[in-house]
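Trainee: Below are the structure tokens for one structure; questions will follow.
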2 protein chains.
Amino acid sequence: MDLLKERILRDGRVKDEQIIKVDGFLNHQIDICLMDEIAKEFRRLFADEKITKVITIEASGIAIACFTALQFQVPLVFAKKSESKNIDGEVYRTTVTSFTKGRDYTVILEQRYLSPGDRILIIDDILATGKAQKGLLDIARQAGAEVAGIGVVIEKGFQGGGDALRKAGYNIQSLAIIDSMKDGTVKFRN
Amino acid sequence: MDLLKERILRDGRVKDEQIIKVDGFLNHQIDICLMDEIAKEFRRLFADEKITKVITIEASGIAIACFTALQFQVPLVFAKKSESKNIDGEVYRTTVTSFTKGRDYTVILEQRYLSPGDRILIIDDILATGKAQKGLLDIARQAGAEVAGIGVVIEKGFQGGGDALRKAGYNIQSLAIIDSMKDGTVKFRN
């Protein structure tokens, strides 16, 4: 997606060969117009998939998942990272390792919000090692829900998570795949 | 807002006199159409306020803040609850006590995303004791940003946070104010 790639080149800040900051438009401050265009692109890419729900993990995936759910006119459900007093139903539960936060955490989703009749689209802002996506795939498996696809805004191709999911047969669509950030230069996969 | 109140009565589940679960449409599973209507109502209520940014705290406020920012066509910035490897700039920092999670946490917002020229609209899904809102007000004060208003989907009026903010002079608009939940019956303020 050219608009997104241009924005990454313009406003992304490469910190080292592993980390690029895109929080000026994607996951801290959110550019509403760009999100809208990204969501339309997901709509186009998964148009024939009969999506019934968009699924993501809190927190940074919620914004783009909202816009995507709006395009598909289906509910959004986000898995939660910690238990609060307000979780009381039966939950699906899985463990996710965060690359950026450097630790494991438990992710939960109330069972009433995901069921075998659902065809879900998993949406996230960043895909690196794929741990967050695998957590959501595990929850989908527990629920018996069908995974229609995985939509990612930026895939860090050099961390391998996306290619592993492709190899496993998932319909994964990343709007920009970064293959390297050597010497501060972002190189996209064609 | 009648549509919202009807939905609370229909799908809200009162757990005790303090807690109502609205996660079927507001903060776990998100009803896109309802969010869209709520955001339009915030647009109407704060139409003359020359909003430059919508601000919220992760995670449950992000969805409604997204839709609201879309209505105002301004960026959304969400304060983050914990520090990750990906926070590297100068940050505003404040402490918030969560009623539902029963603990304190630090909230940060990168300084580059909020400045004295901003007129912000603080948006959240729930207002109870007002701690989250006070945290964002503290961040706005540090940034020198002007607070144009506070928009809340559901205010738990009996917890007093909203009235304290009104008394302090803020333009706070709650779309449904619950004044009591005795014997499992939700009573709204007129």
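Chains: A, B, ... in order of the structure tokens. Residues: from 1 per chain. Ligands: from 1, in order shown.
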Identify every residue of chain B that has at least one atom within 9 Å of any atom of chain A, counting only C-alpha atoms, and report the result as a PyMOL selection string.
Mentor: chain B and resi 15+19-21+23-25+27-33+36+58-60+62-67+69-70+73-80+82-88+99-102+109-110+112-113
Trainee: Any chance you could export the current selection's C-alpha atoms as an mmCIF file, in the first residue's frame?
Mentor:
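Just written: out-v4.cif:
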data_model
loop_
_atom_site.group_PDB
_atom_site.id
_atom_site.type_symbol
_atom_site.label_atom_id
_atom_site.label_comp_id
_atom_site.auth_asym_id
_atom_site.auth_seq_id
_atom_site.Cartn_x
_atom_site.Cartn_y
_atom_site.Cartn_z
ATOM 1 C CA LYS B 15 -23.416 -7.461 39.059
ATOM 2 C CA ILE B 19 -20.668 -2.784 38.920
ATOM 3 C CA ILE B 20 -22.529 -3.102 35.635
ATOM 4 C CA LYS B 21 -21.152 -5.090 32.722
ATOM 5 C CA ASP B 23 -18.870 -5.319 27.596
ATOM 6 C CA GLY B 24 -21.274 -6.782 25.054
ATOM 7 C CA PHE B 25 -21.352 -3.464 23.214
ATOM 8 C CA ASN B 27 -15.634 -2.254 26.063
ATOM 9 C CA HIS B 28 -14.862 -5.849 25.113
ATOM 10 C CA GLN B 29 -17.112 -6.534 22.152
ATOM 11 C CA ILE B 30 -17.718 -3.225 20.354
ATOM 12 C CA ASP B 31 -20.967 -2.455 18.564
ATOM 13 C CA ILE B 32 -19.790 -0.412 15.595
ATOM 14 C CA CYS B 33 -23.186 1.147 14.787
ATOM 15 C CA ASP B 36 -20.926 5.650 15.416
ATOM 16 C CA GLU B 58 -5.681 2.688 26.839
ATOM 17 C CA ALA B 59 -7.380 0.322 26.508
ATOM 18 C CA SER B 60 -11.153 0.472 26.810
ATOM 19 C CA ILE B 62 -9.693 3.720 22.504
ATOM 20 C CA ALA B 63 -12.640 2.406 20.498
ATOM 21 C CA ILE B 64 -15.069 5.203 21.268
ATOM 22 C CA ALA B 65 -12.241 7.759 21.047
ATOM 23 C CA CYS B 66 -11.470 6.506 17.505
ATOM 24 C CA PHE B 67 -15.010 7.026 16.327
ATOM 25 C CA ALA B 69 -11.871 11.532 16.388
ATOM 26 C CA LEU B 70 -13.263 10.381 13.037
ATOM 27 C CA GLN B 73 -11.510 14.715 11.750
ATOM 28 C CA VAL B 74 -8.682 15.254 14.217
ATOM 29 C CA PRO B 75 -5.937 12.924 15.491
ATOM 30 C CA LEU B 76 -6.493 10.670 18.478
ATOM 31 C CA VAL B 77 -3.760 10.244 21.086
ATOM 32 C CA PHE B 78 -4.051 7.560 23.732
ATOM 33 C CA ALA B 79 -2.009 7.625 26.921
ATOM 34 C CA LYS B 80 -0.203 4.339 27.536
ATOM 35 C CA SER B 82 3.201 0.929 30.821
ATOM 36 C CA GLU B 83 6.557 1.660 29.338
ATOM 37 C CA SER B 84 7.760 -0.470 26.482
ATOM 38 C CA LYS B 85 10.979 -0.518 24.481
ATOM 39 C CA ASN B 86 9.159 1.636 21.968
ATOM 40 C CA ILE B 87 8.793 4.708 24.164
ATOM 41 C CA ASP B 88 11.890 6.795 23.681
ATOM 42 C CA PHE B 99 -11.287 1.094 40.397
ATOM 43 C CA THR B 100 -11.926 -2.054 38.356
ATOM 44 C CA LYS B 101 -8.349 -3.348 38.572
ATOM 45 C CA GLY B 102 -7.823 -2.297 42.171
ATOM 46 C CA LEU B 109 2.063 10.262 26.800
ATOM 47 C CA GLU B 110 4.930 11.343 24.576
ATOM 48 C CA ARG B 112 5.648 15.511 21.017
ATOM 49 C CA TYR B 113 1.960 14.555 20.686
#
Trainee: I'd like the superposed chain A, fitted onto chain B by least squares over all Cα atoms in order, as a short mmCIF file (atom, residue, chain, number, x, y, z; two decimals) with C-alpha atoms, in the first residue's frame.
Mentor:
data_model
loop_
_atom_site.label_atom_id
_atom_site.label_comp_id
_atom_site.auth_asym_id
_atom_site.auth_seq_id
_atom_site.Cartn_x
_atom_site.Cartn_y
_atom_site.Cartn_z
CA MET A 1 -29.02 9.66 24.79
CA ASP A 2 -32.04 7.36 24.52
CA LEU A 3 -30.50 4.78 22.16
CA LEU A 4 -27.67 4.24 24.64
CA LYS A 5 -29.93 4.09 27.70
CA GLU A 6 -32.15 1.51 25.99
CA ARG A 7 -29.07 -0.55 25.18
CA ILE A 8 -27.82 -0.38 28.78
CA LEU A 9 -31.21 -1.55 30.03
CA ARG A 10 -31.35 -4.33 27.44
CA ASP A 11 -27.76 -5.65 27.46
CA GLY A 12 -26.12 -4.27 30.60
CA ARG A 13 -25.74 -6.83 33.37
CA VAL A 14 -25.84 -5.44 36.89
CA LYS A 15 -23.41 -7.45 39.05
CA ASP A 16 -23.93 -5.56 42.30
CA GLU A 17 -24.73 -2.00 43.40
CA GLN A 18 -21.34 -0.81 42.09
CA ILE A 19 -20.66 -2.78 38.92
CA ILE A 20 -22.52 -3.08 35.64
CA LYS A 21 -21.14 -5.08 32.74
CA VAL A 22 -21.52 -3.35 29.40
CA ASP A 23 -18.87 -5.33 27.60
CA GLY A 24 -21.28 -6.79 25.07
CA PHE A 25 -21.36 -3.47 23.22
CA LEU A 26 -18.95 -0.95 24.79
CA ASN A 27 -15.65 -2.27 26.09
CA HIS A 28 -14.87 -5.85 25.13
CA GLN A 29 -17.11 -6.54 22.17
CA ILE A 30 -17.72 -3.22 20.37
CA ASP A 31 -20.98 -2.45 18.57
CA ILE A 32 -19.78 -0.41 15.61
CA CYS A 33 -23.17 1.15 14.80
CA LEU A 34 -23.77 2.26 18.37
CA MET A 35 -20.23 3.72 18.59
CA ASP A 36 -20.91 5.66 15.42
CA GLU A 37 -24.10 7.15 16.89
CA ILE A 38 -22.37 7.96 20.18
CA ALA A 39 -19.54 9.69 18.33
CA LYS A 40 -22.04 11.79 16.36
CA GLU A 41 -23.63 12.84 19.63
CA PHE A 42 -20.23 13.94 21.00
CA ARG A 43 -19.71 15.83 17.73
CA ARG A 44 -23.01 17.63 18.27
CA LEU A 45 -22.33 18.40 21.94
CA PHE A 46 -18.81 19.77 21.38
CA ALA A 47 -19.35 21.19 17.88
CA ASP A 48 -18.27 24.73 18.73
CA GLU A 49 -15.23 23.80 20.79
CA LYS A 50 -12.58 23.91 18.03
CA ILE A 51 -11.17 20.52 19.10
CA THR A 52 -7.67 19.79 17.76
CA LYS A 53 -7.16 16.39 19.39
CA VAL A 54 -9.11 13.61 21.06
CA ILE A 55 -7.33 12.10 24.08
CA THR A 56 -8.02 8.89 26.01
CA ILE A 57 -6.26 6.21 28.08
CA GLU A 58 -5.70 2.68 26.83
CA ALA A 59 -7.39 0.34 26.54
CA SER A 60 -11.16 0.47 26.80
CA GLY A 61 -11.48 4.14 25.83
CA ILE A 62 -9.69 3.72 22.51
CA ALA A 63 -12.64 2.40 20.50
CA ILE A 64 -15.07 5.21 21.27
CA ALA A 65 -12.24 7.76 21.05
CA CYS A 66 -11.47 6.51 17.51
CA PHE A 67 -15.01 7.03 16.32
CA THR A 68 -15.15 10.43 17.98
CA ALA A 69 -11.86 11.53 16.38
CA LEU A 70 -13.26 10.38 13.04
CA GLN A 71 -16.28 12.64 13.54
CA PHE A 72 -14.10 15.63 14.39
CA GLN A 73 -11.50 14.70 11.75
CA VAL A 74 -8.68 15.25 14.22
CA PRO A 75 -5.94 12.91 15.50
CA LEU A 76 -6.49 10.66 18.48
CA VAL A 77 -3.76 10.23 21.09
CA PHE A 78 -4.06 7.56 23.74
CA ALA A 79 -2.00 7.62 26.93
CA LYS A 80 -0.22 4.35 27.55
CA LYS A 81 -0.28 2.33 30.73
CA SER A 82 3.21 0.94 30.82
CA GLU A 83 6.58 1.67 29.33
CA SER A 84 7.77 -0.48 26.47
CA LYS A 85 10.99 -0.52 24.47
CA ASN A 86 9.17 1.62 21.96
CA ILE A 87 8.81 4.70 24.17
CA ASP A 88 11.89 6.82 23.70
CA GLY A 89 10.93 10.48 23.67
CA GLU A 90 10.26 12.82 26.53
CA VAL A 91 7.00 11.85 28.17
CA TYR A 92 4.32 13.36 30.37
CA ARG A 93 3.72 10.99 33.24
CA THR A 94 0.95 10.64 35.80
CA THR A 95 -0.44 8.05 38.22
CA VAL A 96 -3.94 6.66 37.95
CA THR A 97 -5.80 4.38 40.36
CA SER A 98 -8.00 1.87 38.60
CA PHE A 99 -11.26 1.08 40.38
CA THR A 100 -11.91 -2.06 38.32
CA LYS A 101 -8.36 -3.36 38.53
CA GLY A 102 -7.82 -2.31 42.15
CA ARG A 103 -4.32 -0.87 41.73
CA ASP A 104 -2.25 2.17 40.75
CA TYR A 105 -0.51 2.43 37.42
CA THR A 106 1.64 4.95 35.63
CA VAL A 107 0.28 6.53 32.47
CA ILE A 108 2.54 8.16 29.91
CA LEU A 109 2.07 10.27 26.81
CA GLU A 110 4.94 11.36 24.58
CA GLN A 111 5.41 15.11 24.78
CA ARG A 112 5.63 15.51 21.01
CA TYR A 113 1.95 14.55 20.69
CA LEU A 114 0.45 17.20 22.97
CA SER A 115 1.35 20.87 23.08
CA PRO A 116 0.08 24.29 24.29
CA GLY A 117 -1.65 24.94 20.98
CA ASP A 118 -3.98 21.98 21.42
CA ARG A 119 -7.62 22.16 22.48
CA ILE A 120 -8.39 18.64 23.59
CA LEU A 121 -11.51 16.58 24.05
CA ILE A 122 -11.02 13.86 26.68
CA ILE A 123 -13.09 10.79 25.83
CA ASP A 124 -13.71 7.69 27.90
CA ASP A 125 -16.13 4.78 28.01
CA ILE A 126 -16.84 4.89 31.77
CA LEU A 127 -16.51 7.58 34.42
CA ALA A 128 -16.71 6.34 38.01
CA THR A 129 -14.51 8.06 40.58
CA GLY A 130 -12.93 10.15 37.82
CA LYS A 131 -9.37 8.97 38.42
CA ALA A 132 -8.63 8.26 34.74
CA GLN A 133 -10.01 11.65 33.69
CA LYS A 134 -7.99 13.39 36.40
CA GLY A 135 -4.87 11.65 35.11
CA LEU A 136 -5.53 12.99 31.62
CA LEU A 137 -6.26 16.46 33.03
CA ASP A 138 -2.89 16.32 34.79
CA ILE A 139 -1.18 15.41 31.52
CA ALA A 140 -3.01 18.26 29.74
CA ARG A 141 -1.82 20.65 32.47
CA GLN A 142 1.78 19.48 32.05
CA ALA A 143 1.49 19.99 28.28
CA GLY A 144 -0.16 23.39 28.62
CA ALA A 145 -2.98 22.12 26.40
CA GLU A 146 -6.46 23.54 26.79
CA VAL A 147 -9.22 21.16 27.88
CA ALA A 148 -12.24 21.94 25.75
CA GLY A 149 -14.38 19.21 27.23
CA ILE A 150 -14.78 15.73 28.64
CA GLY A 151 -17.07 13.26 26.89
CA VAL A 152 -18.13 10.10 28.70
CA VAL A 153 -20.35 7.29 27.46
CA ILE A 154 -21.57 6.02 30.84
CA GLU A 155 -21.14 7.90 34.10
CA LYS A 156 -21.70 6.07 37.36
CA GLY A 157 -23.19 9.12 39.05
CA PHE A 158 -23.28 7.51 42.50
CA GLN A 159 -19.47 7.35 42.56
CA GLY A 160 -19.20 11.13 42.44
CA GLY A 161 -16.37 11.60 39.94
CA GLY A 162 -18.51 13.38 37.35
CA ASP A 163 -20.07 15.83 39.79
CA ALA A 164 -16.64 16.70 41.20
CA LEU A 165 -15.40 17.52 37.66
CA ARG A 166 -18.54 19.62 36.99
CA LYS A 167 -17.97 21.48 40.25
CA ALA A 168 -14.39 22.15 39.15
CA GLY A 169 -15.83 23.87 36.08
CA TYR A 170 -15.18 21.33 33.32
CA ASN A 171 -17.57 20.99 30.40
CA ILE A 172 -18.35 17.35 30.97
CA GLN A 173 -21.01 15.59 28.93
CA SER A 174 -22.06 12.08 29.90
CA LEU A 175 -24.48 10.38 27.52
CA ALA A 176 -25.99 8.25 30.28
CA ILE A 177 -25.67 8.88 34.02
CA ILE A 178 -26.57 5.97 36.27
CA ASP A 179 -27.59 7.21 39.70
CA SER A 180 -28.25 3.84 41.30
CA MET A 181 -28.32 0.11 40.65
CA LYS A 182 -30.14 -1.02 43.79
CA ASP A 183 -31.77 -4.46 43.55
CA GLY A 184 -30.42 -4.90 40.06
CA THR A 185 -32.45 -1.97 38.70
CA VAL A 186 -30.64 0.73 36.75
CA LYS A 187 -31.88 4.25 37.51
CA PHE A 188 -30.75 7.04 35.21
CA ARG A 189 -30.40 10.69 36.17
CA ASN A 190 -32.82 12.93 34.27
#
Trainee: List every residue of range 80-158 of chain B that DSSP, applied to the backbone of this structure, assigns to strand (DSSP E), and report them as a ChimeraX atom specification.
Mentor: /B:91-98,103-110,119-127,146-156
Trainee: Can you spit out the residues from that selection as an mmCIF file, in the first residue's frame, using N, CA and C atoms?
Mentor:
data_model
loop_
_atom_site.group_PDB
_atom_site.id
_atom_site.type_symbol
_atom_site.label_atom_id
_atom_site.label_comp_id
_atom_site.auth_asym_id
_atom_site.auth_seq_id
_atom_site.Cartn_x
_atom_site.Cartn_y
_atom_site.Cartn_z
ATOM 1 N N VAL B 91 8.405 12.158 27.922
ATOM 2 C CA VAL B 91 6.997 11.841 28.156
ATOM 3 C C VAL B 91 6.408 12.651 29.300
ATOM 4 N N TYR B 92 5.094 12.915 29.212
ATOM 5 C CA TYR B 92 4.333 13.344 30.371
ATOM 6 C C TYR B 92 3.955 12.070 31.110
ATOM 7 N N ARG B 93 3.883 12.176 32.426
ATOM 8 C CA ARG B 93 3.717 10.985 33.240
ATOM 9 C C ARG B 93 2.751 11.303 34.370
ATOM 10 N N THR B 94 1.828 10.426 34.654
ATOM 11 C CA THR B 94 0.947 10.642 35.798
ATOM 12 C C THR B 94 0.542 9.295 36.383
ATOM 13 N N THR B 95 -0.016 9.308 37.572
ATOM 14 C CA THR B 95 -0.441 8.062 38.220
ATOM 15 C C THR B 95 -1.957 8.004 38.292
ATOM 16 N N VAL B 96 -2.509 6.862 37.951
ATOM 17 C CA VAL B 96 -3.953 6.671 37.946
ATOM 18 C C VAL B 96 -4.282 5.446 38.800
ATOM 19 N N THR B 97 -5.326 5.560 39.611
ATOM 20 C CA THR B 97 -5.801 4.404 40.372
ATOM 21 C C THR B 97 -6.999 3.811 39.643
ATOM 22 N N SER B 98 -6.917 2.524 39.321
ATOM 23 C CA SER B 98 -8.020 1.874 38.627
ATOM 24 C C SER B 98 -8.983 1.277 39.633
ATOM 25 N N ARG B 103 -5.727 -1.207 41.528
ATOM 26 C CA ARG B 103 -4.320 -0.865 41.763
ATOM 27 C C ARG B 103 -3.941 0.437 41.045
ATOM 28 N N ASP B 104 -2.790 0.983 41.401
ATOM 29 C CA ASP B 104 -2.263 2.190 40.756
ATOM 30 C C ASP B 104 -1.454 1.806 39.530
ATOM 31 N N TYR B 105 -1.472 2.653 38.535
ATOM 32 C CA TYR B 105 -0.530 2.448 37.435
ATOM 33 C C TYR B 105 -0.084 3.788 36.867
ATOM 34 N N THR B 106 1.090 3.745 36.236
ATOM 35 C CA THR B 106 1.640 4.950 35.626
ATOM 36 C C THR B 106 1.147 5.054 34.193
ATOM 37 N N VAL B 107 0.755 6.268 33.817
ATOM 38 C CA VAL B 107 0.278 6.525 32.464
ATOM 39 C C VAL B 107 1.230 7.526 31.818
ATOM 40 N N ILE B 108 1.610 7.249 30.585
ATOM 41 C CA ILE B 108 2.532 8.162 29.913
ATOM 42 C C ILE B 108 2.000 8.581 28.549
ATOM 43 N N LEU B 109 2.427 9.756 28.123
ATOM 44 C CA LEU B 109 2.063 10.262 26.800
ATOM 45 C C LEU B 109 3.280 11.033 26.287
ATOM 46 N N GLU B 110 3.717 10.692 25.086
ATOM 47 C CA GLU B 110 4.930 11.343 24.576
ATOM 48 C C GLU B 110 4.666 12.833 24.348
ATOM 49 N N ARG B 119 -6.365 22.118 21.705
ATOM 50 C CA ARG B 119 -7.620 22.154 22.477
ATOM 51 C C ARG B 119 -8.173 20.732 22.449
ATOM 52 N N ILE B 120 -8.113 20.069 23.583
ATOM 53 C CA ILE B 120 -8.391 18.639 23.592
ATOM 54 C C ILE B 120 -9.785 18.299 24.102
ATOM 55 N N LEU B 121 -10.273 17.190 23.564
ATOM 56 C CA LEU B 121 -11.503 16.579 24.056
ATOM 57 C C LEU B 121 -11.105 15.239 24.678
ATOM 58 N N ILE B 122 -11.318 15.117 25.976
ATOM 59 C CA ILE B 122 -11.016 13.868 26.677
ATOM 60 C C ILE B 122 -12.230 12.944 26.558
ATOM 61 N N ILE B 123 -11.990 11.736 26.049
ATOM 62 C CA ILE B 123 -13.092 10.788 25.831
ATOM 63 C C ILE B 123 -12.829 9.510 26.620
ATOM 64 N N ASP B 124 -13.868 8.987 27.253
ATOM 65 C CA ASP B 124 -13.704 7.684 27.903
ATOM 66 C C ASP B 124 -15.017 6.923 27.882
ATOM 67 N N ASP B 125 -14.908 5.610 28.043
ATOM 68 C CA ASP B 125 -16.114 4.781 28.022
ATOM 69 C C ASP B 125 -16.905 4.891 29.325
ATOM 70 N N ILE B 126 -16.195 4.876 30.441
ATOM 71 C CA ILE B 126 -16.834 4.885 31.764
ATOM 72 C C ILE B 126 -16.201 5.972 32.634
ATOM 73 N N LEU B 127 -17.028 6.682 33.393
ATOM 74 C CA LEU B 127 -16.512 7.578 34.422
ATOM 75 C C LEU B 127 -17.102 7.110 35.754
ATOM 76 N N GLU B 146 -5.179 23.103 26.264
ATOM 77 C CA GLU B 146 -6.452 23.554 26.803
ATOM 78 C C GLU B 146 -7.454 22.393 26.775
ATOM 79 N N VAL B 147 -8.203 22.206 27.841
ATOM 80 C CA VAL B 147 -9.215 21.148 27.884
ATOM 81 C C VAL B 147 -10.560 21.743 27.467
ATOM 82 N N ALA B 148 -10.990 21.386 26.259
ATOM 83 C CA ALA B 148 -12.245 21.941 25.737
ATOM 84 C C ALA B 148 -13.448 21.212 26.320
ATOM 85 N N GLY B 149 -13.264 19.955 26.687
ATOM 86 C CA GLY B 149 -14.385 19.211 27.244
ATOM 87 C C GLY B 149 -14.015 17.785 27.579
ATOM 88 N N ILE B 150 -14.928 17.146 28.273
ATOM 89 C CA ILE B 150 -14.784 15.731 28.639
ATOM 90 C C ILE B 150 -16.053 15.017 28.209
ATOM 91 N N GLY B 151 -15.909 14.019 27.365
ATOM 92 C CA GLY B 151 -17.059 13.257 26.895
ATOM 93 C C GLY B 151 -17.009 11.839 27.436
ATOM 94 N N VAL B 152 -18.093 11.400 28.049
ATOM 95 C CA VAL B 152 -18.133 10.092 28.694
ATOM 96 C C VAL B 152 -19.361 9.345 28.181
ATOM 97 N N VAL B 153 -19.206 8.061 27.908
ATOM 98 C CA VAL B 153 -20.357 7.283 27.451
ATOM 99 C C VAL B 153 -21.279 7.004 28.637
ATOM 100 N N ILE B 154 -20.760 6.344 29.664
ATOM 101 C CA ILE B 154 -21.575 6.019 30.846
ATOM 102 C C ILE B 154 -20.907 6.560 32.107
ATOM 103 N N GLU B 155 -21.625 7.398 32.819
ATOM 104 C CA GLU B 155 -21.137 7.911 34.096
ATOM 105 C C GLU B 155 -21.858 7.182 35.228
ATOM 106 N N LYS B 156 -21.085 6.646 36.164
ATOM 107 C CA LYS B 156 -21.694 6.067 37.367
ATOM 108 C C LYS B 156 -21.835 7.215 38.369
#
Trainee: According to DSSP computed on the backbone, where in range 28-126 of chain A is there alpha helix (DSSP H)? Give the residues as a VMD selection string.
Mentor: chain A and resid 32 to 45 62 to 72
Trainee: Go ahead and write the selection's residues with N, CA and C atoms as a short mmCIF file (atom, residue, chain, number, x, y, z; two decimals), in the first residue's frame.
Mentor:
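File written: again38.cif
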data_model
loop_
_atom_site.label_atom_id
_atom_site.label_comp_id
_atom_site.auth_asym_id
_atom_site.auth_seq_id
_atom_site.Cartn_x
_atom_site.Cartn_y
_atom_site.Cartn_z
N ILE A 32 -6.35 9.55 11.74
CA ILE A 32 -7.69 9.07 11.40
C ILE A 32 -7.86 8.81 9.89
N CYS A 33 -7.35 9.73 9.07
CA CYS A 33 -7.53 9.59 7.61
C CYS A 33 -6.76 8.38 7.09
N LEU A 34 -5.53 8.22 7.58
CA LEU A 34 -4.74 7.07 7.16
C LEU A 34 -5.40 5.76 7.60
N MET A 35 -5.91 5.74 8.85
CA MET A 35 -6.58 4.51 9.35
C MET A 35 -7.76 4.16 8.44
N ASP A 36 -8.49 5.19 8.05
CA ASP A 36 -9.65 5.00 7.19
C ASP A 36 -9.23 4.36 5.85
N GLU A 37 -8.14 4.84 5.28
CA GLU A 37 -7.65 4.27 4.01
C GLU A 37 -7.16 2.84 4.19
N ILE A 38 -6.47 2.60 5.30
CA ILE A 38 -5.96 1.25 5.59
C ILE A 38 -7.13 0.28 5.75
N ALA A 39 -8.15 0.73 6.45
CA ALA A 39 -9.32 -0.13 6.68
C ALA A 39 -10.02 -0.46 5.37
N LYS A 40 -10.08 0.52 4.48
CA LYS A 40 -10.69 0.27 3.15
C LYS A 40 -9.89 -0.76 2.37
N GLU A 41 -8.57 -0.71 2.54
CA GLU A 41 -7.72 -1.68 1.86
C GLU A 41 -7.95 -3.09 2.42
N PHE A 42 -8.09 -3.21 3.73
CA PHE A 42 -8.42 -4.52 4.32
C PHE A 42 -9.78 -5.00 3.80
N ARG A 43 -10.72 -4.06 3.69
CA ARG A 43 -12.05 -4.40 3.16
C ARG A 43 -11.94 -4.99 1.76
N ARG A 44 -11.09 -4.37 0.95
CA ARG A 44 -10.89 -4.82 -0.43
C ARG A 44 -10.23 -6.21 -0.45
N LEU A 45 -9.21 -6.38 0.38
CA LEU A 45 -8.43 -7.62 0.37
C LEU A 45 -9.22 -8.83 0.90
N ILE A 62 -6.33 -1.87 18.68
CA ILE A 62 -7.75 -1.53 18.75
C ILE A 62 -8.15 -0.46 17.73
N ALA A 63 -7.31 0.55 17.57
CA ALA A 63 -7.68 1.65 16.67
C ALA A 63 -7.90 1.15 15.24
N ILE A 64 -6.93 0.47 14.68
CA ILE A 64 -7.08 0.02 13.29
C ILE A 64 -8.18 -1.05 13.18
N ALA A 65 -8.33 -1.85 14.24
CA ALA A 65 -9.41 -2.85 14.23
C ALA A 65 -10.79 -2.18 14.23
N CYS A 66 -10.93 -1.07 14.92
CA CYS A 66 -12.19 -0.31 14.92
C CYS A 66 -12.56 0.14 13.51
N PHE A 67 -11.61 0.75 12.84
CA PHE A 67 -11.88 1.26 11.49
C PHE A 67 -12.18 0.12 10.53
N THR A 68 -11.50 -1.00 10.72
CA THR A 68 -11.73 -2.15 9.86
C THR A 68 -13.12 -2.73 10.10
N ALA A 69 -13.50 -2.86 11.37
CA ALA A 69 -14.84 -3.37 11.71
C ALA A 69 -15.92 -2.45 11.13
N LEU A 70 -15.65 -1.15 11.15
CA LEU A 70 -16.59 -0.19 10.58
C LEU A 70 -16.77 -0.45 9.08
N GLN A 71 -15.67 -0.74 8.39
CA GLN A 71 -15.75 -1.04 6.96
C GLN A 71 -16.57 -2.31 6.69
N PHE A 72 -16.37 -3.31 7.52
CA PHE A 72 -17.09 -4.57 7.32
C PHE A 72 -18.47 -4.56 7.95
#
